[in-house]
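Student: coords-v4.cif (mmCIF, C-alpha atoms and all ligand atoms) pasted underneath:
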data_data
#
loop_
_atom_site.label_atom_id
_atom_site.label_comp_id
_atom_site.auth_asym_id
_atom_site.auth_seq_id
_atom_site.Cartn_x
_atom_site.Cartn_y
_atom_site.Cartn_z
CA MET A 22 80.76 39.50 -23.04
CA LYS A 23 78.81 39.64 -19.84
CA ASP A 24 76.03 42.24 -19.66
CA ILE A 25 76.62 45.15 -17.38
CA PRO A 26 74.04 44.76 -14.58
CA SER A 27 71.18 47.15 -15.09
CA TRP A 28 70.23 49.53 -12.33
CA GLN A 29 67.56 51.08 -14.50
CA PHE A 30 64.82 49.39 -12.42
CA ILE A 31 65.65 51.64 -9.49
CA GLU A 32 65.14 54.83 -11.43
CA ASP A 33 61.96 53.39 -12.93
CA ALA A 34 60.52 52.38 -9.58
CA LEU A 35 61.26 55.73 -7.98
CA GLN A 36 59.82 57.59 -10.95
CA GLN A 37 56.68 55.52 -10.81
CA ARG A 38 56.29 56.28 -7.12
CA GLU A 39 56.70 59.97 -7.85
CA GLN A 40 54.04 59.92 -10.56
CA GLN A 41 51.62 58.17 -8.23
CA HIS A 42 52.27 60.76 -5.50
CA ARG A 43 53.65 57.87 -3.46
CA LEU A 44 57.31 58.77 -3.29
CA ARG A 45 58.50 58.87 0.30
CA SER A 46 61.53 60.58 1.73
CA LEU A 47 63.05 61.16 5.13
CA GLN A 48 62.52 64.53 6.81
CA PRO A 49 64.84 65.32 9.70
CA VAL A 50 63.15 66.70 12.79
CA GLU A 51 64.50 67.72 16.16
CA PRO A 52 62.32 66.91 19.14
CA VAL A 53 61.94 69.74 21.61
CA SER A 54 59.71 69.89 24.66
CA GLY A 55 56.04 68.94 24.91
CA GLY A 56 55.56 66.87 21.78
CA VAL A 57 56.88 69.67 19.58
CA VAL A 58 59.43 69.02 16.85
CA VAL A 59 61.51 71.50 14.89
CA GLN A 60 61.70 70.96 11.16
CA LYS A 61 63.93 72.65 8.61
CA GLY A 62 65.82 74.56 11.29
CA ASP A 63 63.13 76.87 12.60
CA ARG A 64 59.66 75.49 11.96
CA HIS A 65 58.02 74.42 15.23
CA LEU A 66 55.40 71.73 14.69
CA VAL A 67 53.10 70.11 17.24
CA ASN A 68 53.51 66.41 16.61
CA PHE A 69 50.30 64.51 15.84
CA SER A 70 52.15 61.63 14.23
CA SER A 71 54.16 60.10 17.04
CA ASN A 72 53.24 56.96 18.95
CA ASP A 73 54.44 58.40 22.25
CA TYR A 74 50.93 57.87 23.60
CA LEU A 75 51.64 58.62 27.24
CA GLY A 76 54.29 61.24 26.61
CA LEU A 77 56.88 59.05 28.35
CA ALA A 78 59.67 59.46 25.78
CA ALA A 79 60.80 62.65 27.55
CA HIS A 80 59.74 61.71 31.09
CA PRO A 81 62.35 62.58 33.74
CA SER A 82 62.12 59.14 35.43
CA LEU A 83 62.87 57.32 32.19
CA ILE A 84 65.76 59.63 31.40
CA GLU A 85 67.16 59.38 34.91
CA ARG A 86 67.05 55.58 35.04
CA SER A 87 68.39 55.31 31.51
CA GLN A 88 71.37 57.45 32.52
CA ARG A 89 71.89 55.49 35.71
CA PHE A 90 71.84 52.16 33.84
CA ALA A 91 74.29 53.54 31.27
CA GLU A 92 76.69 54.56 34.04
CA GLN A 93 76.30 51.32 35.93
CA TYR A 94 76.22 48.78 33.10
CA GLY A 95 77.65 50.57 30.09
CA THR A 96 76.13 51.58 26.79
CA GLY A 97 75.98 48.16 25.20
CA ALA A 98 74.98 44.61 26.17
CA THR A 99 78.14 43.55 24.26
CA ALA A 100 76.72 40.21 23.10
CA SER A 101 73.55 38.30 22.34
CA ARG A 102 71.46 37.02 25.23
CA LEU A 103 72.68 33.43 24.86
CA ILE A 104 76.34 34.39 24.82
CA SER A 105 77.07 36.95 27.56
CA GLY A 106 74.48 39.69 26.99
CA SER A 107 71.82 38.38 29.34
CA PHE A 108 72.34 40.83 32.19
CA ASN A 109 70.45 40.70 35.47
CA ILE A 110 68.61 43.83 34.36
CA HIS A 111 67.17 42.01 31.33
CA HIS A 112 65.89 39.21 33.56
CA ARG A 113 64.51 41.64 36.14
CA LEU A 114 62.60 43.54 33.46
CA GLU A 115 61.16 40.31 32.04
CA ASP A 116 60.01 39.24 35.50
CA LYS A 117 58.53 42.65 36.23
CA LEU A 118 56.55 42.62 32.98
CA ALA A 119 55.38 39.03 33.45
CA SER A 120 54.04 39.80 36.89
CA MET A 121 52.49 43.08 35.73
CA LEU A 122 50.71 41.31 32.88
CA GLY A 123 49.80 38.21 34.90
CA ARG A 124 51.63 35.91 32.49
CA GLU A 125 53.91 32.99 33.16
CA ALA A 126 56.79 34.41 31.17
CA VAL A 127 58.04 37.29 29.07
CA LEU A 128 60.86 37.31 26.54
CA LEU A 129 62.42 40.55 25.31
CA PHE A 130 63.00 41.22 21.63
CA ASN A 131 64.94 44.05 20.03
CA SER A 132 61.96 45.29 18.08
CA GLY A 133 58.39 44.42 17.29
CA PHE A 134 59.37 43.96 13.68
CA GLN A 135 62.05 41.48 14.63
CA ALA A 136 59.71 39.59 16.95
CA ASN A 137 56.77 39.38 14.57
CA SER A 138 58.84 38.50 11.55
CA THR A 139 60.55 35.58 13.27
CA ILE A 140 58.31 34.17 16.04
CA ILE A 141 55.56 32.95 13.72
CA GLY A 142 57.97 30.91 11.62
CA THR A 143 59.59 29.45 14.73
CA LEU A 144 56.26 28.04 15.84
CA LEU A 145 54.98 26.94 12.42
CA GLY A 146 56.38 24.92 9.56
CA ARG A 147 55.61 23.78 6.04
CA HIS A 148 52.69 21.67 7.17
CA SER A 149 51.02 24.43 9.15
CA LEU A 150 48.48 27.11 8.35
CA VAL A 151 48.61 30.75 9.38
CA LEU A 152 45.52 32.96 9.21
CA THR A 153 46.02 36.70 9.55
CA ASP A 154 43.74 39.71 9.39
CA LYS A 155 44.05 41.49 6.05
CA LEU A 156 45.11 44.74 7.70
CA SER A 157 47.79 43.17 9.88
CA HIS A 158 51.02 45.10 10.37
CA ASN A 159 53.69 44.43 7.76
CA SER A 160 55.92 42.69 10.33
CA LEU A 161 53.21 40.04 10.86
CA LEU A 162 52.86 39.65 7.12
CA GLN A 163 56.60 39.09 6.80
CA GLY A 164 56.46 36.58 9.63
CA ALA A 165 53.64 34.67 7.98
CA ARG A 166 55.46 34.63 4.63
CA LEU A 167 58.78 33.57 6.13
CA SER A 168 57.16 30.76 8.08
CA ARG A 169 56.64 28.70 4.90
CA ALA A 170 53.25 27.74 6.29
CA ASP A 171 50.17 28.02 4.11
CA PHE A 172 49.18 31.62 4.47
CA GLN A 173 45.64 32.92 4.16
CA ARG A 174 44.22 36.30 5.07
CA PHE A 175 40.73 36.90 6.38
CA ASP A 176 38.88 40.12 5.56
CA HIS A 177 39.54 42.82 8.08
CA ASN A 178 37.78 42.05 11.38
CA ASP A 179 35.47 39.66 9.51
CA LEU A 180 35.36 36.76 11.93
CA GLY A 181 32.72 35.03 9.82
CA HIS A 182 35.35 34.83 7.10
CA LEU A 183 37.94 33.60 9.62
CA GLU A 184 35.52 30.88 10.71
CA GLU A 185 34.98 29.82 7.08
CA LEU A 186 38.74 29.45 6.60
CA LEU A 187 39.04 27.49 9.85
CA ASP A 188 36.14 25.26 8.79
CA ARG A 189 37.76 24.55 5.46
CA ALA A 190 41.07 23.75 7.15
CA ALA A 191 39.35 21.41 9.61
CA GLU A 192 37.67 19.55 6.73
CA GLN A 193 40.96 19.16 4.87
CA ASP A 194 42.59 17.85 8.03
CA ARG A 195 46.11 18.22 6.63
CA TYR A 196 47.72 20.82 8.88
CA ASP A 197 49.87 19.96 11.87
CA ARG A 198 49.22 23.36 13.44
CA ILE A 199 47.02 26.36 12.79
CA MET A 200 47.78 29.86 14.05
CA ILE A 201 45.45 32.85 14.09
CA VAL A 202 47.18 36.22 14.03
CA THR A 203 45.57 39.57 14.70
CA GLU A 204 46.20 42.97 16.20
CA SER A 205 44.12 44.18 19.14
CA VAL A 206 44.20 47.79 17.85
CA PHE A 207 44.98 48.22 14.16
CA SER A 208 47.86 50.55 13.47
CA MET A 209 46.49 52.49 10.51
CA ASP A 210 42.76 52.48 11.26
CA GLY A 211 42.67 52.65 15.04
CA ASP A 212 39.84 50.14 15.25
CA ARG A 213 39.82 47.04 17.42
CA ALA A 214 39.46 43.32 16.93
CA ASP A 215 36.70 41.45 18.73
CA LEU A 216 39.18 39.49 20.82
CA ASP A 217 36.52 37.60 22.72
CA GLU A 218 35.17 36.10 19.51
CA VAL A 219 38.67 35.47 18.12
CA CYS A 220 39.48 33.55 21.34
CA ARG A 221 36.29 31.54 21.00
CA LEU A 222 37.22 30.54 17.43
CA ALA A 223 40.80 29.70 18.40
CA ASP A 224 39.46 27.48 21.17
CA ARG A 225 36.90 25.80 19.01
CA TYR A 226 39.36 24.94 16.25
CA SER A 227 42.31 24.28 18.56
CA ALA A 228 44.31 27.01 16.86
CA MET A 229 47.24 28.86 18.39
CA LEU A 230 46.45 32.51 18.94
CA PHE A 231 48.96 35.34 18.49
CA VAL A 232 47.77 38.88 19.28
CA ASP A 233 49.82 41.99 18.60
CA ASP A 234 48.89 44.44 21.37
CA ALA A 235 51.37 47.16 20.29
CA HIS A 236 48.90 50.05 20.28
CA ALA A 237 46.84 49.02 23.28
CA LEU A 238 49.65 48.50 25.77
CA GLY A 239 49.81 51.44 28.16
CA VAL A 240 46.60 52.92 26.78
CA TRP A 241 43.78 50.39 27.02
CA GLY A 242 42.74 47.60 29.33
CA GLU A 243 42.88 47.48 33.11
CA GLN A 244 45.68 49.79 34.30
CA GLY A 245 46.83 50.13 30.72
CA LYS A 246 47.88 46.50 30.62
CA GLY A 247 46.57 46.09 27.09
CA LEU A 248 43.42 44.63 25.59
CA THR A 249 44.88 41.16 25.94
CA TYR A 250 45.18 41.51 29.72
CA GLY A 251 43.50 38.71 31.64
CA GLU A 252 42.64 36.79 28.47
CA HIS A 253 44.46 33.53 28.95
CA ARG A 254 43.10 31.94 25.83
CA ILE A 255 45.64 34.10 23.97
CA ASP A 256 48.80 32.03 23.69
CA LEU A 257 51.19 34.77 22.62
CA VAL A 258 50.89 38.49 23.30
CA LEU A 259 53.23 40.82 21.48
CA GLY A 260 53.97 44.18 23.04
CA THR A 261 56.25 46.95 21.83
CA PHE A 262 58.20 49.54 23.79
CA GLY A 263 58.48 52.11 21.02
CA LYS A 264 54.94 53.33 21.57
CA ALA A 265 53.35 54.04 24.96
CA PHE A 266 56.48 52.83 26.77
CA GLY A 267 58.37 55.74 25.22
CA SER A 268 61.55 53.89 24.34
CA PHE A 269 62.50 50.98 22.13
CA GLY A 270 62.23 47.20 21.90
CA ALA A 271 59.49 44.63 22.25
CA PHE A 272 58.46 41.53 24.15
CA VAL A 273 56.37 38.47 23.84
CA ALA A 274 54.33 37.21 26.82
CA CYS A 275 53.64 33.49 26.78
CA SER A 276 53.98 30.28 28.78
CA GLY A 277 57.32 29.38 30.33
CA GLU A 278 57.64 26.47 27.96
CA VAL A 279 57.03 28.56 24.84
CA ARG A 280 59.63 31.01 26.15
CA ASP A 281 62.16 28.16 26.54
CA TYR A 282 61.37 27.05 23.01
CA LEU A 283 61.86 30.55 21.57
CA VAL A 284 65.15 30.95 23.46
CA ASN A 285 66.34 27.78 21.74
CA PHE A 286 64.84 28.12 18.28
CA CYS A 287 63.86 31.71 17.40
CA PRO A 288 66.54 33.27 15.17
CA GLY A 289 65.26 36.83 15.78
CA PHE A 290 66.00 36.29 19.47
CA ILE A 291 69.19 34.25 19.19
CA TYR A 292 71.25 35.97 16.53
CA THR A 293 71.19 39.56 17.69
CA THR A 294 72.81 41.70 20.36
CA ALA A 295 70.71 42.13 23.51
CA LEU A 296 68.96 45.44 24.19
CA PRO A 297 71.43 48.00 25.59
CA PRO A 298 71.36 48.93 29.31
CA PRO A 299 70.17 52.56 28.82
CA VAL A 300 67.11 51.22 26.98
CA ILE A 301 66.48 48.65 29.71
CA GLY A 302 66.70 51.48 32.26
CA ALA A 303 64.07 53.54 30.45
CA LEU A 304 61.82 50.48 30.17
CA ASP A 305 62.27 49.59 33.82
CA ALA A 306 61.06 53.07 34.77
CA ALA A 307 58.21 52.95 32.24
CA ALA A 308 57.02 49.61 33.62
CA ASP A 309 56.75 51.25 37.07
CA LEU A 310 54.88 54.28 35.74
CA VAL A 311 52.44 52.83 33.20
CA PRO A 312 50.06 50.98 35.57
CA GLU A 313 49.98 54.00 37.88
CA MET A 314 48.88 56.52 35.25
CA GLU A 315 45.16 55.97 35.75
CA GLU A 316 44.27 59.64 36.06
CA GLU A 317 46.20 60.52 32.88
CA ARG A 318 44.50 57.65 31.04
CA ARG A 319 41.04 58.78 32.11
CA GLU A 320 41.62 62.26 30.70
CA TYR A 321 43.32 60.81 27.64
CA HIS A 322 40.35 58.57 26.86
CA LYS A 323 38.03 61.55 27.13
CA MET A 324 40.27 63.60 24.83
CA ILE A 325 40.17 60.77 22.27
CA THR A 326 36.38 60.51 22.30
CA ASP A 327 35.88 64.29 22.13
CA THR A 328 38.37 64.74 19.29
CA ARG A 329 36.88 61.97 17.20
CA PHE A 330 33.42 63.39 17.76
CA ARG A 331 34.46 66.88 16.70
CA LEU A 332 36.21 65.58 13.58
CA GLY A 333 33.06 63.67 12.67
CA GLU A 334 31.00 66.83 13.09
CA MET A 335 33.32 68.65 10.68
CA GLY A 336 32.58 65.96 8.12
CA TYR A 337 35.87 64.06 8.23
CA ASN A 338 35.77 60.35 7.52
CA THR A 339 37.48 58.72 10.51
CA GLY A 340 36.62 55.20 9.39
CA SER A 341 35.95 52.79 12.22
CA SER A 342 38.49 54.31 14.60
CA ASP A 343 37.74 53.73 18.23
CA THR A 344 41.11 54.65 19.78
CA GLN A 345 43.89 57.24 19.92
CA ILE A 346 44.73 56.47 16.28
CA ILE A 347 42.35 58.51 14.15
CA PRO A 348 42.62 58.30 10.37
CA LEU A 349 41.28 61.13 8.27
CA ILE A 350 40.60 59.19 5.12
CA THR A 351 40.83 61.41 2.06
CA GLY A 352 40.96 58.66 -0.55
CA SER A 353 43.48 60.07 -2.99
CA GLU A 354 47.19 60.35 -2.32
CA LYS A 355 47.14 63.94 -3.58
CA SER A 356 44.44 65.17 -1.21
CA ALA A 357 46.13 63.49 1.77
CA LEU A 358 49.40 65.19 0.88
CA GLU A 359 47.72 68.55 0.42
CA LEU A 360 46.03 68.38 3.80
CA ALA A 361 49.30 67.36 5.45
CA ARG A 362 51.10 70.26 3.78
CA HIS A 363 48.44 72.72 4.83
CA LEU A 364 48.67 71.59 8.46
CA GLU A 365 52.44 71.79 8.33
CA GLN A 366 52.22 75.43 7.25
CA GLU A 367 50.03 76.07 10.26
CA GLY A 368 52.41 74.38 12.67
CA PHE A 369 51.23 70.78 12.91
CA LEU A 370 52.89 67.52 11.95
CA ALA A 371 50.36 64.96 10.73
CA GLN A 372 51.78 62.56 8.19
CA ALA A 373 49.96 61.41 5.11
CA ILE A 374 49.90 57.62 4.88
CA ARG A 375 49.63 56.30 1.37
CA PRO A 376 49.45 52.98 -0.42
CA PRO A 377 51.09 50.48 -0.20
CA THR A 378 51.03 51.07 3.58
CA VAL A 379 47.24 51.39 3.34
CA PRO A 380 44.90 49.91 0.70
CA LYS A 381 44.33 51.63 -2.67
CA ALA A 382 42.07 54.70 -2.40
CA GLY A 383 42.66 54.58 1.34
CA ALA A 384 45.18 57.41 1.57
CA ARG A 385 44.81 59.31 4.80
CA LEU A 386 46.24 61.47 7.46
CA ARG A 387 46.99 59.31 10.44
CA ILE A 388 46.48 61.37 13.56
CA SER A 389 47.66 59.93 16.82
CA LEU A 390 46.73 61.62 20.04
CA SER A 391 48.98 61.63 23.06
CA ALA A 392 48.22 62.17 26.73
CA GLY A 393 51.02 64.73 26.42
CA HIS A 394 48.96 66.98 24.11
CA THR A 395 47.49 70.03 25.84
CA THR A 396 43.88 71.12 25.34
CA GLY A 397 45.22 74.26 23.68
CA GLN A 398 47.21 72.22 21.14
CA ILE A 399 44.20 70.04 20.34
CA ASP A 400 41.88 73.04 19.98
CA ARG A 401 44.21 74.84 17.61
CA PHE A 402 44.73 71.66 15.61
CA LEU A 403 40.99 71.06 15.31
CA ASN A 404 40.42 74.69 14.35
CA GLU A 405 42.89 74.35 11.52
CA LEU A 406 41.27 71.12 10.36
CA SER A 407 37.92 72.86 10.42
CA ASN A 408 39.32 75.70 8.28
CA ALA A 409 40.72 73.18 5.83
CA LYS A 410 37.27 71.65 5.18
C1 LIG A 501 54.96 49.47 15.57
C2 LIG A 501 54.40 48.12 15.37
C3 LIG A 501 55.21 47.01 15.29
C4 LIG A 501 56.71 47.12 15.19
O1 LIG A 501 57.27 47.40 16.41
P1 LIG A 501 58.72 48.05 16.46
O2 LIG A 501 59.17 47.78 17.85
O3 LIG A 501 58.54 49.48 16.16
O4 LIG A 501 59.55 47.35 15.44
C5 LIG A 501 54.61 45.78 15.23
N1 LIG A 501 53.28 45.64 15.22
C6 LIG A 501 52.46 46.72 15.26
C7 LIG A 501 51.00 46.52 15.22
C8 LIG A 501 53.00 47.98 15.31
O5 LIG A 501 52.22 49.04 15.28
#
Before anything else, please render the file you have as structure tokens.
Ligand SMILES: *Cc1c(COP(=O)(O)O)cnc(C)c1O
Tutor:
Amino acid sequence: MKDIPSWQFIEDALQQREQQHRLRSLQPVEPVSGGVVVQKGDRHLVNFSSNDYLGLAAHPSLIERSQRFAEQYGTGATASRLISGSFNIHHRLEDKLASMLGREAVLLFNSGFQANSTIIGTLLGRHSLVLTDKLSHNSLLQGARLSRADFQRFDHNDLGHLEELLDRAAEQDRYDRIMIVTESVFSMDGDRADLDEVCRLADRYSAMLFVDDAHALGVWGEQGKGLTYGEHRIDLVLGTFGKAFGSFGAFVACSGEVRDYLVNFCPGFIYTTALPPPVIGALDAAADLVPEMEEERREYHKMITDTRFRLGEMGYNTGSSDTQIIPLITGSEKSALELARHLEQEGFLAQAIRPPTVPKAGARLRISLSAGHTTGQIDRFLNELSNAK
């Protein structure tokens, strides 16, 4: 008789997570105005966990153009880009972004996860090598694994280690292609990569360079065009629209030829329905607004520096954060959860991030600041954090 399949592993895995204080669950929230969400029906929380860095997700221009595009073009693209879902509005947005970023070409993707997990493997094969930063976003990790290339990770922001790995690869002389993958701003630590040095290494070892600029786009670089802006030694720039652009989707900026290649060979681009018109509308409006928001960015940058400074003064460990993403590293899962719960009681949403999303003993609160936060909200938040010390 055939054994009945055992589902016991599911209960075991969930129980283990629970014991480690690592069990995660979904909490419904309802966004209301000004970066405030309502939880459990009546609890108003100021959101310090969202990636809506410029507060564009509720901007009237994005909403208006999204509505207009829905009325004009419908709610769905109705097919993949290569079939009949490549509307004029998709092409116009790609052209607008390419010219904004000073790149030859841009190709839209439905999400950063989809782009990262499939582009790397489209450009590499079994005889290639991919080198990624140890703290790279999970989507890049998946992409590197799926690529079937040899996959090695260099210690976080340790370009000496990256150079060692490149040296070793050059000596072995057995790879057809080598790709270096890094983020410009790291999603859980809020620190930056030394892109100038990464570019120098990529040049020197003739490696392809892929930089995920998800958290810099809209926030850093000239006119918020990202930390990759103007750096033409970077072959592929990945940007996402779910963060500062206040909507959804992603893009890769690259040469026209690489774009043609991806259109023909990248499964994450080919086998999926194109982004829907209302999303394209929101993005079209965001692309107009983002470069113009210089005044907002200036104040935002000041808010980031001041907040980090004050947290440091209170004795919080903010790691090597240098951006709007500020981790408060507590070490243990339990202490991170307790701090998050305390803040929640006082009216603030700041999620605890636990392993395996971050390394062991690296549990933290991940605070992300938004240009939409008011000084009053920040002051009250910092007061509460000071009380919690
Ligand atoms: C958010 C994020 C992604 C994924 O982008 P989505 O569009 O949300 O799927 C990829 N890379 C980094 C660094 C991110 O922070």
Student: Please provide as a list in words all residues within 9 Å of Lys246 of chain A, with the sequence filter that same-chain residues fewer than 6 positions apart are discarded (counting all atoms listed in the file).
Tutor: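 My reading of the contact set: Met121, Leu122, Ala237, Leu238, Gly239, Val240, Val311 and Pro312 of chain A.
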Student: Might you pull out every residue within 8 Å of segment 287-293 of chain A, with only C-alpha atoms counted and same-chain residues fewer than 6 positions away left off, and present them as an NGL selection string?
Tutor: :A and (100-103 or 130-131 or 135-136 or 138-140 or 143)
Student: Give me, as JSON lines, the closest atom pair and its distance (Å, one decimal) for every residue of chain A within a cut-off of 7 Å of ligand LIG 501 (chain A), counting all atoms listed in the file, rows sorted by chain and rising number.
Tutor:
{"residue": "A:Ser132", "atom": "CA", "partner": "A:LIG501", "partner_atom": "O2", "distance": 3.7}
{"residue": "A:Gly133", "atom": "CA", "partner": "A:LIG501", "partner_atom": "O1", "distance": 3.3}
{"residue": "A:Phe134", "atom": "CA", "partner": "A:LIG501", "partner_atom": "O4", "distance": 3.8}
{"residue": "A:Gln135", "atom": "CA", "partner": "A:LIG501", "partner_atom": "O4", "distance": 6.4}
{"residue": "A:Asn137", "atom": "CA", "partner": "A:LIG501", "partner_atom": "C5", "distance": 6.8}
{"residue": "A:His158", "atom": "CA", "partner": "A:LIG501", "partner_atom": "C7", "distance": 5.1}
{"residue": "A:Ser160", "atom": "CA", "partner": "A:LIG501", "partner_atom": "C5", "distance": 5.9}
{"residue": "A:Glu204", "atom": "CA", "partner": "A:LIG501", "partner_atom": "C7", "distance": 6.1}
{"residue": "A:Phe207", "atom": "CA", "partner": "A:LIG501", "partner_atom": "C7", "distance": 6.3}
{"residue": "A:Ser208", "atom": "CA", "partner": "A:LIG501", "partner_atom": "O5", "distance": 5.0}
{"residue": "A:Asp233", "atom": "CA", "partner": "A:LIG501", "partner_atom": "C7", "distance": 5.8}
{"residue": "A:Asp234", "atom": "CA", "partner": "A:LIG501", "partner_atom": "C7", "distance": 6.8}
{"residue": "A:Ala235", "atom": "CA", "partner": "A:LIG501", "partner_atom": "C7", "distance": 5.1}
{"residue": "A:His236", "atom": "CA", "partner": "A:LIG501", "partner_atom": "O5", "distance": 6.1}
{"residue": "A:Thr261", "atom": "CA", "partner": "A:LIG501", "partner_atom": "O2", "distance": 5.0}
{"residue": "A:Phe262", "atom": "CA", "partner": "A:LIG501", "partner_atom": "O2", "distance": 6.3}
{"residue": "A:Gly263", "atom": "CA", "partner": "A:LIG501", "partner_atom": "O2", "distance": 5.4}
{"residue": "A:Phe269", "atom": "CA", "partner": "A:LIG501", "partner_atom": "O2", "distance": 6.3}
{"residue": "A:Gly270", "atom": "CA", "partner": "A:LIG501", "partner_atom": "O2", "distance": 5.1}
{"residue": "A:Ala271", "atom": "CA", "partner": "A:LIG501", "partner_atom": "O2", "distance": 5.4}
Student: Would you compute the distance between atom CA of Thr339 of chain A and atom CA of Gly352 of chain A? Give it in Å to one decimal.
Tutor: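 Interatomic distance here is 11.6 Å.
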Student: May I ask which of the residues A:Cys275, A:Val53, A:Ile325, A:Leu406 is the closest one to Glu367 of chain A, counting all atoms listed in the file?
Tutor: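 Checking each candidate against Glu367 of chain A, we get A:Leu406 as the closest.
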Student: Write out as a PyMOL selection string each polymer residue whose atoms come within 10 Å of Ser168 of chain A, counting only C-alpha atoms; drop sequence neighbours fewer than 6 positions from it.
Tutor: chain A and resi 138-147+149-151+162
Student: Using all atoms listed in the file, which protein or nucleic acid residues come within 9 Å of Glu354 of chain A? Drop anything in the same chain fewer than 3 positions from it, and give the result as an NGL selection string.
Tutor: :A and (41-43 or 351 or 357-359 or 373-376 or 382-385)
Student: Quick one: write out the picked residues with C-alpha atoms as a PDB file, keeping the file's coordinate frame?
Tutor:
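part.pdb written:
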ATOM      1  CA  GLN A  41      51.620  58.170  -8.230  1.00  0.00           C
ATOM      2  CA  HIS A  42      52.270  60.760  -5.500  1.00  0.00           C
ATOM      3  CA  ARG A  43      53.650  57.870  -3.460  1.00  0.00           C
ATOM      4  CA  THR A 351      40.830  61.410   2.060  1.00  0.00           C
ATOM      5  CA  ALA A 357      46.130  63.490   1.770  1.00  0.00           C
ATOM      6  CA  LEU A 358      49.400  65.190   0.880  1.00  0.00           C
ATOM      7  CA  GLU A 359      47.720  68.550   0.420  1.00  0.00           C
ATOM      8  CA  ALA A 373      49.960  61.410   5.110  1.00  0.00           C
ATOM      9  CA  ILE A 374      49.900  57.620   4.880  1.00  0.00           C
ATOM     10  CA  ARG A 375      49.630  56.300   1.370  1.00  0.00           C
ATOM     11  CA  PRO A 376      49.450  52.980  -0.420  1.00  0.00           C
ATOM     12  CA  ALA A 382      42.070  54.700  -2.400  1.00  0.00           C
ATOM     13  CA  GLY A 383      42.660  54.580   1.340  1.00  0.00           C
ATOM     14  CA  ALA A 384      45.180  57.410   1.570  1.00  0.00           C
ATOM     15  CA  ARG A 385      44.810  59.310   4.800  1.00  0.00           C
TER      16      ARG A 385
END
Student: I need the residue nearest Val219 of chain A from this list: A:Asp171, A:Asp309, A:Asp154, A:Asp188. Use all atoms listed in the file for the distance.
Tutor: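 Looking only at the distances to Val219 of chain A, the closest residue turns out to be A:Asp154.
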Student: Record the distance separating atom CA of Gln36 of chain A and atom CA of Pro49 of chain A, expressed in Å with one decimal.
Tutor: 22.6 Å
Student: For atom CA of Glu334 of chain A and atom CA of Ser407 of chain A, determine how far apart the two atoms are, in Å to one decimal place.
Tutor: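 A separation of 9.6 Å between them.
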Student: Using only C-alpha atoms, which residues sit within 9 Å of Leu403 of chain A once same-chain residues fewer than 4 positions away are excluded, as a PyMOL selection string?
Tutor: chain A and resi 328+331-332+398-399+407-408
Student: Could you give me, as a list in words, the residues that sit within 9 Å of (45.6, 55.9, 15.8) in the file's coordinates, counting all atoms listed in the file?
Tutor: Ser70, Asn72, Val206, Phe207, Ser208, Met209, Asp210, Gly211, Asp212, His236, Ser342, Asp343, Thr344, Gln345, Ile346, Ile347, Pro348, Arg387, Ile388, Ser389 and Leu390 of chain A
Student: Save the residues we just selected, C-alpha atoms, as a CSV table (one decimal), in the frame of the given file?
Tutor:
chain,number,residue,atom,x,y,z
A,70,SER,CA,52.2,61.6,14.2
A,72,ASN,CA,53.2,57.0,19.0
A,206,VAL,CA,44.2,47.8,17.8
A,207,PHE,CA,45.0,48.2,14.2
A,208,SER,CA,47.9,50.6,13.5
A,209,MET,CA,46.5,52.5,10.5
A,210,ASP,CA,42.8,52.5,11.3
A,211,GLY,CA,42.7,52.6,15.0
A,212,ASP,CA,39.8,50.1,15.2
A,236,HIS,CA,48.9,50.0,20.3
A,342,SER,CA,38.5,54.3,14.6
A,343,ASP,CA,37.7,53.7,18.2
A,344,THR,CA,41.1,54.6,19.8
A,345,GLN,CA,43.9,57.2,19.9
A,346,ILE,CA,44.7,56.5,16.3
A,347,ILE,CA,42.4,58.5,14.2
A,348,PRO,CA,42.6,58.3,10.4
A,387,ARG,CA,47.0,59.3,10.4
A,388,ILE,CA,46.5,61.4,13.6
A,389,SER,CA,47.7,59.9,16.8
A,390,LEU,CA,46.7,61.6,20.0
Student: Counting all atoms listed in the file, which residue out of A:Leu222, A:Leu66, A:Ala274, A:Ala307 sits closest to Arg86 of chain A?
Tutor: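 Residue with the minimum atom-to-atom distance to Arg86 of chain A: A:Ala307.
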Student: Which of these residues is nearest to Ala165 of chain A, using only C-alpha atoms: A:Leu152, A:Val57, A:Leu304, A:Val379?
Tutor: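 Of the candidates, the smallest distance to Ala165 of chain A is held by A:Leu152.
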Student: Which is closest to Ala371 of chain A among A:Leu35, A:Val67, A:Gln88, A:Val50, if we use all atoms listed in the file?
Tutor: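 Among the listed residues, the smallest separation from Ala371 of chain A belongs to A:Val67.
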Student: Could the residues of segment 206-316 of chain A that have an atom at most 8 Å from segment 107-119 of chain A be listed as JSON lines, each with its closest atom pair and the distance in Å to one decimal, counting only C-alpha atoms and ordered by chain and ascending residue number?
Tutor:
{"residue": "A:Ala274", "atom": "CA", "partner": "A:Ala119", "partner_atom": "CA", "distance": 7.0}
{"residue": "A:Ala295", "atom": "CA", "partner": "A:Ser107", "partner_atom": "CA", "distance": 7.0}
{"residue": "A:Pro298", "atom": "CA", "partner": "A:Ile110", "partner_atom": "CA", "distance": 7.7}
{"residue": "A:Ile301", "atom": "CA", "partner": "A:His111", "partner_atom": "CA", "distance": 6.9}
{"residue": "A:Leu304", "atom": "CA", "partner": "A:Leu114", "partner_atom": "CA", "distance": 7.7}
{"residue": "A:Asp305", "atom": "CA", "partner": "A:Leu114", "partner_atom": "CA", "distance": 6.1}
{"residue": "A:Ala308", "atom": "CA", "partner": "A:Leu118", "partner_atom": "CA", "distance": 7.0}
